[in-house]
Structures are given as C-alpha cells and as structure tokens.
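Worksheet for the structure shown next.
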Amino acid sequence: MSETAALVLDGAGVVVARSEGAATLLECPPGQVCAPLLELLPAAGTDAGPAGHLMAVPGGGHEGRTGPRVPLLCRLVRLTTAHAPGAQWLGARWLVLLIPAETAVEAAARDAGRRRTGLSRAAATGIGASLDVTEMAGTLVNLLVPDFADLATVDIAEQVLAGDEPPHLDTSGDVRLRRTAAAQSPEISAEDLLAVGEALPPVTDSALMGPLMKGLPVLVPDVAVLHAELGVDPQSLPLFVPRGAHSSVAVPLYARGLILGCVTVWRSQLPFAFGEEDAALLLDVVSRAALGVDNARRFTREHRSAVALQRSLLPRSALDCAAAETVGVYQPAGGGMGVGGDWFDVIPLPSLRVAFVVGDVVGHGLDATAAMARLRTAVQTLADLDLDPGELLTHLDDLVLDLSGEEMAGASRSETAVLGATCLYAVYDPVTRKCAVATAGHPPPAVLSPGAEPVFVGMMPGPPLGVGAMPFEVTEFAVRPGSMLAFFTDGLVGSRGGDIGQGMERLRSALAGVDPDRTLGEISQSVFDSVLPREPSDDVALLLARTHALSPDQFAEWELEADLSLVAHARELVVGRLSEWQLDELAFVTELVVSELVTNAIRYAGGTVGLRLIRDRVLVCEVSDRSGTQPRLRRARETDEGGRGLFLVAQLTDRWGCRFTGTGKTIWTEQPIGVP
C-alpha cells in the first residue's frame, strides 16, 4: 500500500482520476461523487493551494500497523488549465493528496526536528552580530518565521530602546513595552494586530502571564485558554492574539536580572501545536538574543553619552557676527563606529575679524573626544593671543608633541594621547576682505563666490600635528562679499578604500548645485545628503561660513609721520570722524586713547604710525607701528612720572590687546556703541 495517494476531482466532487494507492485508502471510484471529500471542498475556497491545511477525511482511514484504525488526512490543491491538460482531465479542478495520519505525524516530527536544529544553528551565528536593538529584533523574528512559527513579534521595554535599564524584577516599576519587530508567513492575516512602533496596552497580572516576570516561558497549546485568562477586554483582544492562531509560546528577553522585553510566537498554518521541546528551543534562542539586546542597549547608552559629550564640546551650531554668518554640523560615524575626534570652531577675534577652525583626531569613542577637547581648548587659548595662522599651528604642533611625549614616557600610554591629528586654521578680515589660512595635514577649504563655480583653495599643505620641525605655510586669498566658505574634515570626502580626490569632486558638485538664497542650515543638510552614504564610515564635521564685508563708510584709516606735533592732528581726525558717525558720546574716551597710543608709538617705535577706526556693533581703535615690543600693563607708583597711559586706556575701554604683524604690531581697543 502506498503511504501517499492522490485523486483528481471536478467542481462537483466527481472523481476524474485517481492513483492506485488511493483505492486502498478511500472508496471513491472514477466517475462517481466522492462524498467524504465533497464535504471538504467548500472549506478550501478559492484560496486553496500547495500550502493548504491538512484536513481529516470523514470516514476515511485504514488499519494501522499496531492495530487501531489510523485516520486519513488530505490536502487540497486547486488546479488550473496548466496543471490539467488533455481531454481525459477535462473539468478537473482539485488535486487531493491523501496522507495517513501516522505518516503525517512521523513526517512532521522529522521536519520539526530539522527545523529545530536549523534554528539553533542559525541563532548561534546570526544573533548578536548587530549593536542596534531594532535591527537585532528584526533578525530574531526573521529567524523564527516561517519554519518555526507563522507569526513572531518582539516587544522591547521603552527604557531599553533609549539605552536605559528597565526596572529590576525586585522593584515595583512597570515595564512599558513597545512593538519593535514582527514577521509573518504570507498566508497569515494580522491586520488587527498591534503594529510595529506602537506601545502595548497595559495587561493586568494573571497566573498565566506570571512566569514571564520570573524569566520563564509561557506555553499555550490552546489559544482558547489565552482568550479566557489574558484579562483583556474583547475589543483589545485582537491587538494581542492574531485571528486563526491555535497555539503560542511567549518567552521573556531576560538578561542580567533584567526583563528587557518579550518574544511571542504563534502557529496557525503549521498544523501541530507548540510543545515543551519547542518552548525549550525558543527559550535557548531568546536567551542568546537577550544578551545581544542588552549589549546593544549598553552600546546605545554609551554612544548617546559620547555624542552628547561631543556636541557639548562643540560651539553653537549657528553664529552671526560682523565678519560672517556660520553654521556647523557634526555627524557621528555609522555602523557602530560612534563619535570620533572631528570638530569645528568659530572664534571671534579683535577688530571684527573671525577665525574658522576645523580639525580631526584619529580614532573613535570617548578617548578621541577627550583628545579633541584638549586640542580645541588649546586652539582657543592660542587664538586669544591673536597669532598668525602658521604661528598658531606651530605652537599647537609643539603642544601635541609635548602631550604625546608625556604619554609615551609613562609606564603605559594613556588612550587619550593626541596622536594622528590634523587641523586647519583660517582668519577672515571683513575690512580687508582677505582670508589667511594654514593647514596641518587637513583638506583645503572650498570657496563658492557669487556667480562662480566652487573652487578649492590652492595651499601648501603642512604635516599633521605631532610631526615637528616642519613649517606651516600661510596662504592668503581675497574673498568677495557674500561668498561661502566650506571647511570640512576628511570624513566628508574620504571613505575606506576610496579616492579622496573623487570625494572632493563630489563635494564640489554638491556645492555647485546649491541655491545661494537658501539658509546655511539647509545647504549643509543638502551637502550631507548628496555626499555622505547612509552610514558613513567616519565621523564628519562641516562648517559653512557666508562672509560679510564692511562698507567703506564703516572704517577710516590714516598714516602719520613720526612727529609728536601730529598727535593733536590725530585727535582732530578721530573726533571729526566720530562726529560724522554720530558717535560724539565716544569722542572724549577715544580722543584720550588715540593721544596716548599715538604718542607712545611715535616716541618709542619710530617710523610711520597707522591709525584706524572701525565702526560696527563696537567701536574699534587701532594704532600700528613698526616695533615688535610687547606693551605691558603695570600700575605706576606714586613717584613715577610715567607708566599710567596704558593703565588709563585699559580702564576707559571695554577691552584692549596687541597683535603682531609682518611689519610690527597693532594695539587695539574696543568700546561698546549705544551702551551708557
């Protein structure tokens, strides 16, 4: 006797053809209606197919090998014209596969064993490869469906999704779950089931669900029991229980004493209910997943802390000053790399100038962030000295050498040693409309002038910081009013194994396509979308600056011969210009400052003296000479005849300072405008 037989029926249940084995299992000769199968045809409907249900044949069966009668099962397959060619099969609509129940049970047991073995192996290799909680949940449900279950869902505590710890089992805190992933067989309809991303409604405590909070699985061989004991109102029941399911297993995501969530599987198309072996296997798989989810949760927390620290160490994303409007954006690396050592900075300088800084410390994580913070602080300190860009990078290079030497000389090198860093420092002057820039192993900036194509500044690149004994050349270029400067780190134009030249060309094309009327924030996002991959392999810093220029009526400058008799003339020039600017209230202090500074320059420096006034939100007064001597503020004693001039200047102005130039030095002062 063949263990599997087949019959072909027409739409009325008449046998069109049958195999030899079918005659021994079911008395339905050809040409006659097969009454036992006719009862099953309406149940198949038009949706019957190869994956249809196994159904019991009423009155069918045969004597089993051990004596008792063995029930007969069948599966209906709807036929098409392609399945039944020829006149002898005319009218055929159904193929009925007959399977003795004992054969189906044995085959199902073997198949279930293979599925369990395959699932265990797949779980061992596929779970835990990601550090993203949501991605790991998706991997888990895809492993379970369709071989092990027809429907699988993963619900994770909201605290875990945010990287925090959920309440411990010995506390009274509620575990609020959110549907994180779900997968189902194509034949399953789960329209009413809770959608991914939605929060689970609260469920009252019950004896059925109690083991979950103890880290134990809950096996429900009959879903009818779940309907009765779940403790959910009938309207909300479809959110929890899919229609047509006949059995279920729920296993908590339990790791290190924490309930991180819950994994629930359902069967409806698979004919056999979940058993103890299935529950044990699922518990093993979910235990692996729970450790992975907890590791991903910890990574999420550390990554969030590192990103928060990195962003807190960067300046405000948007800044608007007299010299430029700026927007800076920082993007951490994707693929689990996390934050790194990229940074940008915008530092207002005296005389309405501004410094643009962008740099990169090799590496990722908190160590790179800490090293970046040390470098950024050093740059701000050196910028306060108003140094030339090349000189500033030289001092920064010496600092990196000292820091690295101290770390390497220790018994064990600290991970915060500043090794492999680059930096670019630029100073823009809105009066001269020129920008001076120097680089230490960093890509050059891009300049997008109004009505022109973007170009990269041609520079003599210096070595990375920490090399030492190498100069940093300064490049100066003119900047048209309204131009946009783009400073960036290599993460924007480089990729692993990629050509940085191709990346810079992509950036140039992205800048060429921007609308100059858009805000800098919109332009930076457009550049990121055009140049960066979805998950960049390195972190990225981008600083955009739209330059301003002072109009000629906002500044005045004169040159004076080294003659003390011209000090009075200098005072007259200043008072006259302040009167034109309607700043007469500042005339007395400014006249005193000019008199003191010009007198000192003529008396001690020699040569011509430069005098310049700049008006914007503050009034800047500058006196330049050819001396390289640094003036020092001191408090004169009662018996001293001099030494009080610079002290008076410091007391009467808002702030003052000195910077050295290629021809000497400039002493500057600032006074607020419109402030009593």
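In the structure tokens, the first chain shown is A, the next is B, and so on; residue numbers restart at 1 for each chain, and ligands run from 1 in the order shown.
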>> Set the distance at 7 Å and use only C-alpha atoms: which residues neighbour A:Ala486 once local chain neighbours fewer than 4 positions away are removed? I'd like the list as a count of residues only.
In response: 6
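As for atom CA of A:Val329 and atom CA of A:Gly482, they are spaced 20.4 Å apart.
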Which residues in stretch 149-335 of chain A does DSSP call helix (DSSP H, G or I)? List them as a compact mmCIF listing (two decimals) with N, CA, C and O atoms, in the first residue's frame.
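states_3.txt written:
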```txt
# COMPACT_ATOMS: atom_id res chain seq x y z
N GLU A 158 10.54 50.31 26.65
CA GLU A 158 10.87 51.63 26.12
C GLU A 158 12.19 52.14 26.68
O GLU A 158 12.95 52.84 25.99
N GLN A 159 12.49 51.79 27.95
CA GLN A 159 13.77 52.22 28.52
C GLN A 159 14.94 51.60 27.77
O GLN A 159 15.99 52.22 27.58
N VAL A 160 14.78 50.34 27.35
CA VAL A 160 15.86 49.65 26.64
C VAL A 160 16.10 50.30 25.28
O VAL A 160 17.25 50.47 24.85
N LEU A 161 15.03 50.66 24.59
CA LEU A 161 15.18 51.32 23.29
C LEU A 161 15.94 52.63 23.41
O LEU A 161 16.62 53.05 22.47
N GLY A 210 2.22 35.25 34.76
CA GLY A 210 3.14 35.47 35.87
C GLY A 210 4.54 34.96 35.63
O GLY A 210 5.52 35.62 35.99
N PRO A 211 4.72 33.77 35.02
CA PRO A 211 6.09 33.27 34.82
C PRO A 211 6.98 34.18 33.98
O PRO A 211 8.20 34.13 34.09
N LEU A 212 6.38 35.00 33.12
CA LEU A 212 7.19 35.88 32.29
C LEU A 212 8.03 36.82 33.14
O LEU A 212 9.20 37.08 32.83
N MET A 213 7.45 37.35 34.21
CA MET A 213 8.18 38.28 35.07
C MET A 213 9.24 37.57 35.91
O MET A 213 10.03 38.22 36.58
N LYS A 214 9.26 36.23 35.86
CA LYS A 214 10.29 35.46 36.54
C LYS A 214 11.35 34.94 35.56
O LYS A 214 12.21 34.15 35.93
N VAL A 223 -5.08 28.29 22.23
CA VAL A 223 -5.26 29.74 22.36
C VAL A 223 -6.57 30.08 23.07
O VAL A 223 -6.71 31.16 23.64
N ALA A 224 -7.52 29.16 23.08
CA ALA A 224 -8.78 29.42 23.78
C ALA A 224 -8.52 29.70 25.26
O ALA A 224 -9.22 30.51 25.88
N VAL A 225 -7.51 29.03 25.83
CA VAL A 225 -7.16 29.30 27.23
C VAL A 225 -6.66 30.73 27.38
O VAL A 225 -6.97 31.43 28.35
N LEU A 226 -5.90 31.18 26.40
CA LEU A 226 -5.38 32.55 26.44
C LEU A 226 -6.51 33.56 26.36
O LEU A 226 -6.49 34.59 27.04
N HIS A 227 -7.50 33.30 25.55
CA HIS A 227 -8.65 34.20 25.45
C HIS A 227 -9.33 34.37 26.80
O HIS A 227 -9.77 35.47 27.15
N ALA A 228 -9.39 33.29 27.54
CA ALA A 228 -10.12 33.33 28.80
C ALA A 228 -9.31 33.95 29.93
O ALA A 228 -9.87 34.61 30.81
N GLU A 229 -7.98 33.77 29.94
CA GLU A 229 -7.19 34.15 31.10
C GLU A 229 -6.28 35.36 30.89
O GLU A 229 -5.56 35.76 31.80
N LEU A 237 -8.59 42.48 22.49
CA LEU A 237 -8.01 41.15 22.32
C LEU A 237 -7.34 40.97 20.96
O LEU A 237 -6.25 40.37 20.88
N PRO A 238 -7.91 41.46 19.84
CA PRO A 238 -7.22 41.28 18.53
C PRO A 238 -5.86 41.96 18.46
O PRO A 238 -5.06 41.61 17.60
N LEU A 239 -5.59 42.94 19.34
CA LEU A 239 -4.27 43.57 19.35
C LEU A 239 -3.20 42.60 19.84
O LEU A 239 -2.02 42.73 19.48
N PHE A 240 -3.60 41.64 20.68
CA PHE A 240 -2.65 40.71 21.29
C PHE A 240 -2.64 39.35 20.60
O PHE A 240 -1.58 38.73 20.48
N GLU A 276 6.55 21.24 24.55
CA GLU A 276 7.61 21.56 25.51
C GLU A 276 8.97 21.69 24.82
O GLU A 276 9.78 22.54 25.19
N GLU A 277 9.23 20.82 23.83
CA GLU A 277 10.50 20.92 23.12
C GLU A 277 10.61 22.26 22.39
O GLU A 277 11.68 22.88 22.36
N ASP A 278 9.50 22.70 21.79
CA ASP A 278 9.51 23.99 21.11
C ASP A 278 9.77 25.12 22.10
O ASP A 278 10.53 26.06 21.80
N ALA A 279 9.13 25.06 23.25
CA ALA A 279 9.32 26.11 24.26
C ALA A 279 10.76 26.14 24.75
O ALA A 279 11.34 27.23 24.95
N ALA A 280 11.36 24.95 24.94
CA ALA A 280 12.75 24.90 25.40
C ALA A 280 13.69 25.47 24.34
O ALA A 280 14.65 26.20 24.66
N LEU A 281 13.43 25.13 23.07
CA LEU A 281 14.27 25.67 22.00
C LEU A 281 14.14 27.18 21.91
O LEU A 281 15.14 27.90 21.79
N LEU A 282 12.92 27.68 21.98
CA LEU A 282 12.72 29.13 21.90
C LEU A 282 13.38 29.83 23.08
O LEU A 282 13.94 30.93 22.93
N LEU A 283 13.33 29.21 24.25
CA LEU A 283 13.99 29.80 25.42
C LEU A 283 15.49 29.92 25.19
O LEU A 283 16.11 30.94 25.54
N ASP A 284 16.08 28.91 24.56
CA ASP A 284 17.52 28.95 24.28
C ASP A 284 17.85 30.05 23.28
O ASP A 284 18.81 30.81 23.45
N VAL A 285 17.04 30.14 22.22
CA VAL A 285 17.28 31.16 21.20
C VAL A 285 17.11 32.55 21.78
O VAL A 285 17.92 33.46 21.55
N VAL A 286 16.05 32.76 22.53
CA VAL A 286 15.77 34.09 23.07
C VAL A 286 16.80 34.47 24.13
O VAL A 286 17.13 35.65 24.28
N SER A 287 17.34 33.49 24.85
CA SER A 287 18.39 33.79 25.82
C SER A 287 19.62 34.37 25.13
O SER A 287 20.24 35.32 25.61
N ARG A 288 19.97 33.79 23.97
CA ARG A 288 21.08 34.36 23.19
C ARG A 288 20.74 35.78 22.76
O ARG A 288 21.57 36.69 22.85
N ALA A 289 19.51 35.95 22.28
CA ALA A 289 19.11 37.27 21.81
C ALA A 289 19.07 38.29 22.93
O ALA A 289 19.40 39.47 22.73
N ALA A 290 18.69 37.86 24.13
CA ALA A 290 18.61 38.79 25.26
C ALA A 290 19.98 39.37 25.59
O ALA A 290 20.10 40.57 25.88
N LEU A 291 21.01 38.53 25.57
CA LEU A 291 22.36 39.04 25.82
C LEU A 291 22.77 40.03 24.74
O LEU A 291 23.39 41.07 25.03
N GLY A 292 22.41 39.73 23.48
CA GLY A 292 22.72 40.66 22.41
C GLY A 292 21.97 41.97 22.55
O GLY A 292 22.53 43.05 22.31
N VAL A 293 20.70 41.89 22.94
CA VAL A 293 19.91 43.11 23.12
C VAL A 293 20.48 43.95 24.26
O VAL A 293 20.55 45.18 24.17
N ASP A 294 20.90 43.28 25.34
CA ASP A 294 21.46 44.04 26.46
C ASP A 294 22.79 44.69 26.07
O ASP A 294 23.07 45.83 26.46
N ASN A 295 23.61 43.98 25.29
CA ASN A 295 24.85 44.59 24.81
C ASN A 295 24.55 45.78 23.91
O ASN A 295 25.22 46.82 23.98
N ALA A 296 23.54 45.63 23.04
CA ALA A 296 23.16 46.74 22.17
C ALA A 296 22.61 47.90 22.99
O ALA A 296 22.84 49.07 22.66
N ARG A 297 21.88 47.58 24.06
CA ARG A 297 21.36 48.66 24.93
C ARG A 297 22.51 49.42 25.57
O ARG A 297 22.50 50.66 25.60
N ARG A 298 23.50 48.70 26.05
CA ARG A 298 24.64 49.36 26.67
C ARG A 298 25.40 50.20 25.66
O ARG A 298 25.86 51.31 25.96
N PHE A 299 25.55 49.65 24.45
CA PHE A 299 26.22 50.44 23.41
C PHE A 299 25.43 51.70 23.09
O PHE A 299 26.00 52.78 22.90
N THR A 300 24.09 51.57 23.03
CA THR A 300 23.26 52.75 22.76
C THR A 300 23.45 53.81 23.83
O THR A 300 23.56 55.01 23.53
N ARG A 301 23.53 53.38 25.07
CA ARG A 301 23.73 54.34 26.16
C ARG A 301 25.10 55.01 26.06
O ARG A 301 25.20 56.24 26.19
N GLU A 302 26.14 54.22 25.83
CA GLU A 302 27.48 54.80 25.72
C GLU A 302 27.59 55.70 24.50
O GLU A 302 28.21 56.77 24.55
N HIS A 303 26.98 55.27 23.40
CA HIS A 303 27.02 56.08 22.19
C HIS A 303 26.29 57.40 22.41
O HIS A 303 26.75 58.47 21.98
N ARG A 304 25.14 57.32 23.08
CA ARG A 304 24.39 58.55 23.35
C ARG A 304 25.19 59.49 24.24
O ARG A 304 25.23 60.71 24.00
N SER A 305 25.86 58.94 25.24
CA SER A 305 26.67 59.78 26.13
C SER A 305 27.84 60.40 25.37
O SER A 305 28.16 61.58 25.56
N ALA A 306 28.47 59.60 24.51
CA ALA A 306 29.61 60.12 23.75
C ALA A 306 29.17 61.21 22.79
O ALA A 306 29.85 62.23 22.64
N VAL A 307 28.03 61.01 22.13
CA VAL A 307 27.54 62.03 21.20
C VAL A 307 27.18 63.30 21.96
O VAL A 307 27.48 64.42 21.52
N ALA A 308 26.53 63.14 23.13
CA ALA A 308 26.18 64.31 23.92
C ALA A 308 27.43 65.07 24.37
O ALA A 308 27.47 66.31 24.35
N LEU A 309 28.46 64.31 24.78
CA LEU A 309 29.70 64.96 25.17
C LEU A 309 30.34 65.67 23.99
O LEU A 309 30.80 66.81 24.11
N GLN A 310 30.38 64.99 22.85
CA GLN A 310 30.98 65.59 21.66
C GLN A 310 30.27 66.88 21.28
O GLN A 310 30.90 67.91 21.00
N ARG A 311 28.94 66.85 21.27
CA ARG A 311 28.19 68.04 20.87
C ARG A 311 28.32 69.15 21.90
O ARG A 311 28.32 70.33 21.56
N SER A 312 28.43 68.79 23.18
CA SER A 312 28.59 69.82 24.21
C SER A 312 29.94 70.52 24.11
O SER A 312 30.09 71.66 24.55
N LEU A 313 30.93 69.82 23.52
CA LEU A 313 32.25 70.41 23.38
C LEU A 313 32.38 71.27 22.13
O LEU A 313 33.36 71.99 21.97
```
>> Need the shell around A:Pro315: protein/DNA/RNA residues with any atom at most 9 Å away, counting only C-alpha atoms. Skip same-chain ones fewer than 5 positions apart. Format as a ChimeraX atom specification?
In response: /A:328,344-346
> Any idea what's packed within 8 Å of A:Gly31, counting only C-alpha atoms, ignoring anything in its chain fewer than 6 positions away? Could you give it as a PyMOL selection string?
Replying inline: chain A and resi 14-16
Output all heavy atoms of each residue in that selection to a file, as a PDB file, in the first residue's frame.
```pdb
ATOM      1  N   VAL A  14     -16.819  14.978  -8.355  1.00  0.00           N
ATOM      2  CA  VAL A  14     -16.737  13.719  -9.092  1.00  0.00           C
ATOM      3  C   VAL A  14     -15.270  13.391  -9.335  1.00  0.00           C
ATOM      4  O   VAL A  14     -14.477  14.260  -9.720  1.00  0.00           O
ATOM      5  CB  VAL A  14     -17.496  13.816 -10.425  1.00  0.00           C
ATOM      6  CG1 VAL A  14     -17.337  12.528 -11.238  1.00  0.00           C
ATOM      7  CG2 VAL A  14     -18.964  14.100 -10.166  1.00  0.00           C
ATOM      8  N   VAL A  15     -14.926  12.095  -9.132  1.00  0.00           N
ATOM      9  CA  VAL A  15     -13.546  11.662  -9.313  1.00  0.00           C
ATOM     10  C   VAL A  15     -13.235  11.598 -10.803  1.00  0.00           C
ATOM     11  O   VAL A  15     -13.858  10.846 -11.557  1.00  0.00           O
ATOM     12  CB  VAL A  15     -13.312  10.294  -8.653  1.00  0.00           C
ATOM     13  CG1 VAL A  15     -11.876   9.829  -8.894  1.00  0.00           C
ATOM     14  CG2 VAL A  15     -13.611  10.365  -7.165  1.00  0.00           C
ATOM     15  N   VAL A  16     -12.268  12.395 -11.238  1.00  0.00           N
ATOM     16  CA  VAL A  16     -11.834  12.387 -12.637  1.00  0.00           C
ATOM     17  C   VAL A  16     -10.746  11.334 -12.845  1.00  0.00           C
ATOM     18  O   VAL A  16     -10.723  10.644 -13.856  1.00  0.00           O
ATOM     19  CB  VAL A  16     -11.329  13.796 -13.039  1.00  0.00           C
ATOM     20  CG1 VAL A  16     -10.807  13.792 -14.481  1.00  0.00           C
ATOM     21  CG2 VAL A  16     -12.439  14.823 -12.878  1.00  0.00           C
TER      22      VAL A  16
END
```
> What gap, in Å, lies between atom CA of A:Gly662 and atom CA of A:Arg612?
Replying inline: 17.4 Å
>> With only C-alpha atoms as the counted atoms, please give the residues lying no more than 9 Å from A:Val357, apart from itself and same-chain residues fewer than 5 positions off, as JSON, numbers by chain.
In response: {"A": [343, 344, 345, 346, 347, 376, 379, 423, 424, 425, 426, 427, 487, 543]}
So that I can check the surroundings of A:Phe555, please list as a compact mmCIF listing (two decimals) with C-alpha atoms, in the first residue's frame every protein, DNA and RNA residue that reaches within 7 Å of it, counting only C-alpha atoms and ignoring chain neighbours fewer than 3 positions away.
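The result, stored in out39.txt:
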```txt
# COMPACT_ATOMS: atom_id res chain seq x y z
CA PRO A 552 33.88 101.99 3.17
CA LEU A 613 38.77 103.37 13.32
CA ILE A 614 36.20 100.62 12.66
CA ARG A 615 32.51 101.02 13.40
```
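Note that atom CA of A:Ala5 and atom CA of A:Ala23 are 8.4 Å apart.
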Residue contacts of A:Val618 (10 Å, only C-alpha atoms) excluding same-chain residues fewer than 2 positions away, as a PDB file with N, CA, C and O atoms, in the first residue's frame:
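Output file part34.pdb follows:
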```pdb
ATOM      1  N   ALA A 322      29.902  90.175  12.792  1.00  0.00           N
ATOM      2  CA  ALA A 322      30.136  91.197  11.779  1.00  0.00           C
ATOM      3  C   ALA A 322      30.870  90.641  10.573  1.00  0.00           C
ATOM      4  O   ALA A 322      30.674  91.106   9.444  1.00  0.00           O
ATOM      5  N   SER A 351      39.103  93.469  16.291  1.00  0.00           N
ATOM      6  CA  SER A 351      38.986  94.220  15.034  1.00  0.00           C
ATOM      7  C   SER A 351      37.968  93.590  14.092  1.00  0.00           C
ATOM      8  O   SER A 351      38.122  93.640  12.865  1.00  0.00           O
ATOM      9  N   LEU A 352      36.923  92.956  14.669  1.00  0.00           N
ATOM     10  CA  LEU A 352      35.797  92.375  13.941  1.00  0.00           C
ATOM     11  C   LEU A 352      36.190  91.184  13.070  1.00  0.00           C
ATOM     12  O   LEU A 352      35.398  90.717  12.259  1.00  0.00           O
ATOM     13  N   ILE A 614      37.159 101.546  13.261  1.00  0.00           N
ATOM     14  CA  ILE A 614      36.202 100.616  12.660  1.00  0.00           C
ATOM     15  C   ILE A 614      34.910 100.698  13.454  1.00  0.00           C
ATOM     16  O   ILE A 614      34.920 100.596  14.689  1.00  0.00           O
ATOM     17  N   ARG A 615      33.809 100.871  12.734  1.00  0.00           N
ATOM     18  CA  ARG A 615      32.507 101.022  13.398  1.00  0.00           C
ATOM     19  C   ARG A 615      31.581  99.882  12.979  1.00  0.00           C
ATOM     20  O   ARG A 615      31.347  99.650  11.799  1.00  0.00           O
ATOM     21  N   ASP A 616      31.082  99.179  13.975  1.00  0.00           N
ATOM     22  CA  ASP A 616      30.030  98.187  13.748  1.00  0.00           C
ATOM     23  C   ASP A 616      29.199  98.113  15.017  1.00  0.00           C
ATOM     24  O   ASP A 616      28.618  99.114  15.416  1.00  0.00           O
ATOM     25  N   VAL A 620      36.136 100.197  17.220  1.00  0.00           N
ATOM     26  CA  VAL A 620      37.497  99.685  17.333  1.00  0.00           C
ATOM     27  C   VAL A 620      38.464 100.797  16.951  1.00  0.00           C
ATOM     28  O   VAL A 620      38.291 101.459  15.920  1.00  0.00           O
ATOM     29  N   CYS A 621      39.446 100.966  17.800  1.00  0.00           N
ATOM     30  CA  CYS A 621      40.510 101.926  17.516  1.00  0.00           C
ATOM     31  C   CYS A 621      41.831 101.174  17.479  1.00  0.00           C
ATOM     32  O   CYS A 621      42.181 100.476  18.429  1.00  0.00           O
ATOM     33  N   ASP A 654      36.461  99.010  26.814  1.00  0.00           N
ATOM     34  CA  ASP A 654      35.848  97.734  27.195  1.00  0.00           C
ATOM     35  C   ASP A 654      36.905  96.629  27.261  1.00  0.00           C
ATOM     36  O   ASP A 654      36.889  95.789  28.142  1.00  0.00           O
ATOM     37  N   THR A 669      41.791  98.728  20.710  1.00  0.00           N
ATOM     38  CA  THR A 669      40.850  98.888  21.827  1.00  0.00           C
ATOM     39  C   THR A 669      39.432  98.773  21.288  1.00  0.00           C
ATOM     40  O   THR A 669      39.185  99.002  20.097  1.00  0.00           O
ATOM     41  N   GLU A 670      38.504  98.400  22.167  1.00  0.00           N
ATOM     42  CA  GLU A 670      37.088  98.304  21.794  1.00  0.00           C
ATOM     43  C   GLU A 670      36.237  99.050  22.798  1.00  0.00           C
ATOM     44  O   GLU A 670      36.490  98.983  24.016  1.00  0.00           O
ATOM     45  N   GLN A 671      35.226  99.756  22.269  1.00  0.00           N
ATOM     46  CA  GLN A 671      34.237 100.432  23.109  1.00  0.00           C
ATOM     47  C   GLN A 671      32.847 100.056  22.599  1.00  0.00           C
ATOM     48  O   GLN A 671      32.604 100.077  21.382  1.00  0.00           O
ATOM     49  N   PRO A 672      31.940  99.701  23.474  1.00  0.00           N
ATOM     50  CA  PRO A 672      30.579  99.377  23.024  1.00  0.00           C
ATOM     51  C   PRO A 672      29.861 100.617  22.519  1.00  0.00           C
ATOM     52  O   PRO A 672      30.062 101.721  23.024  1.00  0.00           O
ATOM     53  N   ILE A 673      29.029 100.434  21.520  1.00  0.00           N
ATOM     54  CA  ILE A 673      28.246 101.525  20.944  1.00  0.00           C
ATOM     55  C   ILE A 673      26.811 101.421  21.457  1.00  0.00           C
ATOM     56  O   ILE A 673      26.212 100.348  21.447  1.00  0.00           O
ATOM     57  N   GLY A 674      26.300 102.541  21.900  1.00  0.00           N
ATOM     58  CA  GLY A 674      24.913 102.570  22.369  1.00  0.00           C
ATOM     59  C   GLY A 674      24.732 102.065  23.772  1.00  0.00           C
ATOM     60  O   GLY A 674      23.604 101.839  24.214  1.00  0.00           O
ATOM     61  N   VAL A 675      25.825 101.877  24.520  1.00  0.00           N
ATOM     62  CA  VAL A 675      25.758 101.416  25.909  1.00  0.00           C
ATOM     63  C   VAL A 675      26.197 102.560  26.803  1.00  0.00           C
ATOM     64  O   VAL A 675      27.276 103.122  26.604  1.00  0.00           O
TER      65      VAL A 675
END
```
>> Ranking A:Arg433, A:Arg603, A:Arg316, A:Arg506 by minimum distance to A:Ala478 and counting only C-alpha atoms, which one comes first?
In response: A:Arg433
> Which residue, A:Thr381, A:Ser509, A:Ser551, A:Gln269, has the smallest gap to A:Pro481 when you use only C-alpha atoms?
Replying inline: A:Ser551
> Smallest atom-to-atom distance to A:Glu39: which of A:Leu194, A:Ala56, A:Ala324, A:Ala157, using only C-alpha atoms?
Replying inline: A:Ala56
